[in-house]
Amino acid sequence: MLPNTPIVAFTILLLVILTIPPIFERLRLPGLVGLLVGGVVLGPHGLQLLNSETETMKLLSDIGKIYLMFVIALEIDLGQFNKTRNRSIGFGFITFFIPIIAGILVGRIFGFGWNASILIGSLFAPHTLLGYPIVNRLGVVANEAVTVTIGATIFTDIAALLVLAICVSVNAGEFSVVSLIIQLGELAIYAVVVLFGFKWLGEQYFRRTGDEEGNQFLFIMLVVFIASVEAQIIHVDIIVGAFLAGIAVNEVVGNGPVKEKVEFIGSTLFIPFFFVDMGLILDVPAFVSTITSEFVMTLAIIVGVIISKFIAALLAQRLYNYNFPETLTMWSLTLPHVAATLVEALVGLQEGILTEPFFNGVIVLMLVTSILGPLTTARFAPLLSQPLSLFNGGNKSGIWWETHEQELEAESDEHKFTVLVSIYNPVTENYLLEMGAMLAKHESGLVVPLSIVKANFHLDEPVLSTAIHHSERQLKRTQEITQQFNVEAQPELRIYNDISQGISCTAREKNASLIILGWSQQSGLRARLFGSIIDSVFWSSHCPVAVTRLLDDPIDIHKILVPVKNITPQALRTVRFAQLFADTNQAYVTLLHICSSISSPEQIDEFKSKLSEIISVDESEVKLKIKVIANDNVAQVIVRMARSFDLVILRSMRRRTAGGLAVSDVTNEVLKELNCSLVLFGEPHS
C-alpha cells in the first residue's frame, strides 16, 4: 500500500537507524549488527520494503561507503603515530603481510585464482579499532603497545586499499607487467596529489575562512567527493580516494567543531545507510547454506584471521620487548574486521572477483570478530601498566592556571589571577560571582563580570537598546556582590553576534586565567549539530573553563568529589582546581578512581601510591583523600558516591566514535543523573 517513491525508502531507513541499534546495544551486541539485521528483515528475503538495486539505495549506500572510509581516516591520531612512527610502521608491516599470506593460502586452498586470493589476503589485513573506547576509558591509550597498534592502522588500511585497487584493475582487463606499472604509477601520482595537494588547499582555506564553520564543513565534503571522483577516473575504487582524502585533511580539521559535524552527520545518517544496504544484499538462503555446506571455508576464514593476527602480535612482542598483556591487547585491538574489510568484500563481490558464499563468510567473520575483539580487549587491557605523566607542580595552590599550553612565562610576575564570569541568568549569577570572587580573593586577583548583548542586524533598533540597559543593571549588581568579598571587579559589556566568541575574545583580551560559565541544558539535535555555547567556549578558549551548576551557596560547599580516570596532566589540573576552590572555604576533597572489576589489588595500590606521590608535591593544606573502587559501571558509581557530597567536579571529555558509530560517554550519563552541585572543568581546545 506504500507508494514506490524515494521519500518512502528514506523514511523507512530513518526509522531503522533510529530504533534498531539501541535495541541491539541493550542486548550487548554491536549496533551495526542490528543495522545488518534490519536490512535483512526489510529486504527481498523479508518484508520487501527496500531494494538494494534502486537508485536511491545505490546513492545512499555509496555516500555511506565513502563517508565510512573518510571518517576512519579522520579518526586516526597522526600525532600518536608520529610519536612511535618506526614501530608503528614495523608492526603495521607485520600485521599486514602475515594475514595477507594467510588469506592467499585460504583462497588457493578453496580454488580461487591468484588475483582473487590476493584480494582475499587483503581482506585479512585491515582492522577496525572497535576496542579503542575501552582502552580510552581505562586510561591506557598512551601505553606504547596501544599507540603502536593505533598507528599501524594507517599502514594496514592504506596497503589493503592499494591491493584492492590493483586487484580490481587486473580483473578489468588482461594482466601485464606494463599495465601493472602504469596502474602503480597512476596510483602514486594520484596519492601524492590528494595527500599533499588537498592538505595544502585545506590549510589555505581554513586560514582564510577563520571561524566560518559552515563553509569549512562544505569544503571538507567537497574534498572527499572530488577525491572519490578522481579515483574513478583512474579506475580505482571510490573508497581509496575517500580514505586518502581523510588522511590529507586529518591535521587540517584537527579535533575541532568541523570534525564534530562531519562525524555527527556520518554516524547519524550516511554510515548506517551503508550497513543497512549490506543487509539488503545479504541472501539469507545462501547465507544459511554457506554456514552449513561451506562451513569449512567459513571456519578457515575466521581461524585464519585470528591466528595470523595473533602471530603478528607475538612477533611484535619479540621485536619490541612487550610483555604478554601488551601483546594480547595488541592482538585484541587488531581482531575486529568490520569497516574496511566489509567495504573491500562488497567491492570484490560487485566486481565479480569474490563469490557470494565467500562474501557471506566475511559477514560471519565480521559478526564473530566484532564481538570477540572488544571482549578480549576488555579482558586484557586492564592488565596494562598505566603510563604516568608527572605533573610539574609548584608550591602555590594556584599553580594549575599557569601550566596549560599557553603559559604566561615572561609576564607571570606581573599578571594578576583574573576570573572572567559570564553573566546571563539573574537567578544563577549570584552563585557564579561568589565562586569567582572566592577564587580571585584567594589568589589576590580580580573578577571580570561579563555581559554579552547579542547584536541585531541594525544596531539602532529599540530591542538592542533595551537589552543593553538590562545588562548595565546586571553589571551594577555584580559590583555589590564582589565588594562583599573585598575583591577588585572590572565589569565588561560587549555586543557580539556570537555569544561564545564574545566570551572567548574578551577572556583573551583580559588575559583571563579562568572562565566561569553557568550550566546550559542545550542537548537537543540543534546543539549536537551546531554545538552549544559551552562547546564553543571549551574549544576556542585560551584558558581553562569551569561550567557550573551550583545548587548551594559556594560558601556552604565543604565536601568535594573529583573522579580521576587516569594520571595525566589534564586530570591533575582538574585536581588542582578542586584544591584551589576547597582552600577558599576550608573544604575537603575526595579523589575517586574507578578501575576495572578484574584489577588486581597490586594494580590498585600502585595507582593510589602514584597519585598520592604526585598530589603530595603540592604544599596546600587542603584535606585530601583517595578512594579506589573496582566496578565496570563507572557512571553509576560516581552518581552513588555523589549523594554524600556537596559538589562534584568532572573533567570535560568529548565523545568519540568507533568506525563512524557513536559510543556512549560516561560524563553524559553522570550529568543526566547527578542531583548535587557540579563543575565541568575543561582545558583550552578540549
# chains A, B, ... in the order shown; residues from 1 in each chain; ligands from 1
call {"tool": "residues_around", "arguments": {"residues": "region 98-112 of chain A", "least_positions_apart": "3", "cutoff": "10 Å", "atoms": "only C-alpha atoms", "output": "ChimeraX atom specification"}}
result
/A:93-95,115-126,160,296-297,300-301,303-312,353-355,358
call {"tool": "residues_around", "arguments": {"residues": "region 464-481 of chain A", "least_positions_apart": "6", "cutoff": "12 Å", "atoms": "only C-alpha atoms", "output": "ChimeraX atom specification"}}
result
/A:421-438,446-458,487-497
call {"tool": "residues_around", "arguments": {"residues": "Glu186 (chain A)", "least_positions_apart": "4", "cutoff": "12 Å", "atoms": "only C-alpha atoms", "output": "PDB file with C-alpha atoms, in the first residue's frame"}}
result
ATOM      1  CA  LEU A 162      46.009  -0.225  -2.681  1.00  0.00           C
ATOM      2  CA  ALA A 165      42.742  -1.111  -6.369  1.00  0.00           C
ATOM      3  CA  ILE A 166      45.313  -3.256  -8.172  1.00  0.00           C
ATOM      4  CA  SER A 169      42.274  -3.103 -12.184  1.00  0.00           C
ATOM      5  CA  SER A 179      49.661  -2.342 -17.242  1.00  0.00           C
ATOM      6  CA  LEU A 180      50.604  -3.037 -13.619  1.00  0.00           C
ATOM      7  CA  ILE A 181      53.449  -0.499 -13.749  1.00  0.00           C
ATOM      8  CA  ILE A 182      51.121   2.066 -15.335  1.00  0.00           C
ATOM      9  CA  TYR A 190      47.104  10.312  -7.520  1.00  0.00           C
ATOM     10  CA  ALA A 191      48.144   9.651  -3.899  1.00  0.00           C
ATOM     11  CA  VAL A 192      50.683  12.496  -3.947  1.00  0.00           C
ATOM     12  CA  VAL A 193      48.126  14.928  -5.422  1.00  0.00           C
ATOM     13  CA  GLU A 230      39.287  11.311  -9.313  1.00  0.00           C
ATOM     14  CA  ALA A 231      39.705   7.735  -8.074  1.00  0.00           C
ATOM     15  CA  GLN A 232      37.046   6.595 -10.551  1.00  0.00           C
ATOM     16  CA  ILE A 233      38.839   8.432 -13.362  1.00  0.00           C
ATOM     17  CA  ILE A 234      41.970   6.308 -12.854  1.00  0.00           C
ATOM     18  CA  HIS A 235      39.822   3.173 -12.389  1.00  0.00           C
ATOM     19  CA  VAL A 236      40.365   2.914  -8.637  1.00  0.00           C
TER      20      VAL A 236
END
call {"tool": "closest_residue", "arguments": {"among": "A:Thr369, A:Ser504, A:Gln570, A:Asn675", "to": "Arg651 (chain A)", "atoms": "only C-alpha atoms"}}
result
A:Gln570
call {"tool": "atom_distance", "arguments": {"atom1": "CA of Pro357 (chain A)", "atom2": "CA of Leu299 (chain A)"}}
result
12.5 Å
call {"tool": "closest_residue", "arguments": {"among": "A:Ile363, A:Val240, A:Leu315, A:Ile12", "to": "Ile291 (chain A)", "atoms": "only C-alpha atoms"}}
result
A:Ile363
call {"tool": "residues_around", "arguments": {"residues": "Ala152 (chain A)", "least_positions_apart": "2", "cutoff": "6 Å", "atoms": "only C-alpha atoms", "output": "list in words"}}
result
Ser88, Ile89, Gly92, Thr149, Ile150, Ile154 and Phe155 of chain A
call {"tool": "write_last_selection", "arguments": {"atoms": "C-alpha atoms", "output": "PDB file, in the first residue's frame"}}
result
ATOM      1  CA  SER A  88      54.001   1.627  14.123  1.00  0.00           C
ATOM      2  CA  ILE A  89      55.216   1.068  10.576  1.00  0.00           C
ATOM      3  CA  GLY A  92      51.807  -2.390  10.517  1.00  0.00           C
ATOM      4  CA  THR A 149      48.660  -0.625  17.313  1.00  0.00           C
ATOM      5  CA  ILE A 150      46.655   2.503  16.574  1.00  0.00           C
ATOM      6  CA  ILE A 154      47.273   3.701   8.922  1.00  0.00           C
ATOM      7  CA  PHE A 155      49.660   1.273   7.213  1.00  0.00           C
TER       8      PHE A 155
END
call {"tool": "residues_around", "arguments": {"residues": "Glu203 (chain A)", "least_positions_apart": "3", "cutoff": "10 Å", "atoms": "only C-alpha atoms", "output": "short mmCIF file (atom, residue, chain, number, x, y, z; two decimals) with all heavy atoms, in the first residue's frame"}}
result
data_model
loop_
_atom_site.label_atom_id
_atom_site.label_comp_id
_atom_site.auth_asym_id
_atom_site.auth_seq_id
_atom_site.Cartn_x
_atom_site.Cartn_y
_atom_site.Cartn_z
N PHE A 198 45.63 18.37 -1.43
CA PHE A 198 44.43 18.68 -0.65
C PHE A 198 44.78 19.18 0.74
O PHE A 198 44.04 19.98 1.32
CB PHE A 198 43.53 17.46 -0.57
CG PHE A 198 42.77 17.18 -1.85
CD1 PHE A 198 42.95 17.98 -2.96
CD2 PHE A 198 41.88 16.13 -1.93
CE1 PHE A 198 42.27 17.74 -4.14
CE2 PHE A 198 41.18 15.87 -3.10
CZ PHE A 198 41.39 16.68 -4.22
N LYS A 199 45.88 18.69 1.29
CA LYS A 199 46.30 19.20 2.60
C LYS A 199 46.66 20.68 2.49
O LYS A 199 46.25 21.49 3.34
CB LYS A 199 47.51 18.41 3.11
CG LYS A 199 48.01 18.89 4.47
CD LYS A 199 49.23 18.12 4.93
CE LYS A 199 49.71 18.64 6.29
NZ LYS A 199 50.91 17.93 6.76
N TRP A 200 47.40 21.05 1.44
CA TRP A 200 47.77 22.46 1.26
C TRP A 200 46.53 23.32 1.02
O TRP A 200 46.39 24.40 1.62
CB TRP A 200 48.73 22.58 0.07
CG TRP A 200 49.16 24.00 -0.18
CD1 TRP A 200 50.16 24.68 0.44
CD2 TRP A 200 48.58 24.91 -1.13
NE1 TRP A 200 50.26 25.96 -0.06
CE2 TRP A 200 49.30 26.13 -1.03
CE3 TRP A 200 47.55 24.81 -2.06
CZ2 TRP A 200 48.99 27.23 -1.80
CZ3 TRP A 200 47.24 25.91 -2.85
CH2 TRP A 200 47.96 27.11 -2.72
N PHE A 206 41.18 27.02 5.38
CA PHE A 206 40.84 27.20 6.79
C PHE A 206 41.47 28.47 7.35
O PHE A 206 40.87 29.13 8.20
CB PHE A 206 41.30 25.98 7.59
CG PHE A 206 40.28 24.88 7.67
CD1 PHE A 206 39.78 24.29 6.52
CD2 PHE A 206 39.81 24.45 8.90
CE1 PHE A 206 38.83 23.29 6.59
CE2 PHE A 206 38.85 23.44 8.98
CZ PHE A 206 38.36 22.86 7.82
N ARG A 207 42.67 28.80 6.89
CA ARG A 207 43.33 30.01 7.38
C ARG A 207 42.58 31.27 6.94
O ARG A 207 42.48 32.23 7.70
CB ARG A 207 44.78 30.06 6.87
CG ARG A 207 45.59 31.24 7.39
CD ARG A 207 47.06 31.07 7.05
NE ARG A 207 47.28 30.97 5.63
CZ ARG A 207 47.37 32.01 4.79
NH1 ARG A 207 47.26 33.24 5.27
NH2 ARG A 207 47.59 31.84 3.51
N ARG A 208 42.02 31.23 5.74
CA ARG A 208 41.34 32.41 5.21
C ARG A 208 39.90 32.53 5.68
O ARG A 208 39.35 33.63 5.72
CB ARG A 208 41.37 32.38 3.67
CG ARG A 208 42.73 32.74 3.09
CD ARG A 208 42.77 32.51 1.59
NE ARG A 208 43.95 33.12 0.98
CZ ARG A 208 45.17 32.61 1.03
NH1 ARG A 208 45.37 31.47 1.68
NH2 ARG A 208 46.19 33.22 0.46
N VAL A 249 43.36 15.69 5.05
CA VAL A 249 42.80 16.82 5.81
C VAL A 249 42.73 16.51 7.30
O VAL A 249 42.15 17.29 8.07
CB VAL A 249 41.40 17.20 5.29
CG1 VAL A 249 41.47 17.62 3.83
CG2 VAL A 249 40.41 16.05 5.47
N GLU A 251 44.97 16.57 9.82
CA GLU A 251 45.55 17.58 10.70
C GLU A 251 44.91 18.95 10.48
O GLU A 251 44.87 19.77 11.40
CB GLU A 251 47.06 17.67 10.46
CG GLU A 251 47.81 16.42 10.93
CD GLU A 251 49.30 16.54 10.71
OE1 GLU A 251 49.70 17.27 9.78
OE2 GLU A 251 50.07 15.91 11.46
N VAL A 252 44.40 19.20 9.27
CA VAL A 252 43.75 20.48 8.98
C VAL A 252 42.48 20.61 9.81
O VAL A 252 42.21 21.64 10.43
CB VAL A 252 43.42 20.61 7.48
CG1 VAL A 252 42.66 21.89 7.21
CG2 VAL A 252 44.71 20.58 6.66
N VAL A 253 41.69 19.55 9.83
CA VAL A 253 40.42 19.56 10.57
C VAL A 253 40.67 19.52 12.06
O VAL A 253 39.99 20.16 12.85
CB VAL A 253 39.53 18.37 10.13
CG1 VAL A 253 38.29 18.28 10.99
CG2 VAL A 253 39.16 18.50 8.66
#
call {"tool": "closest_residue", "arguments": {"among": "A:Ile17, A:Leu78, A:Val194, A:Leu372", "to": "Thr147 (chain A)", "atoms": "only C-alpha atoms"}}
result
A:Leu78
call {"tool": "residues_around", "arguments": {"residues": "Ala145 (chain A)", "least_positions_apart": "4", "cutoff": "8 Å", "atoms": "only C-alpha atoms", "output": "ChimeraX atom specification"}}
result
/A:149,322,326-327,329-330
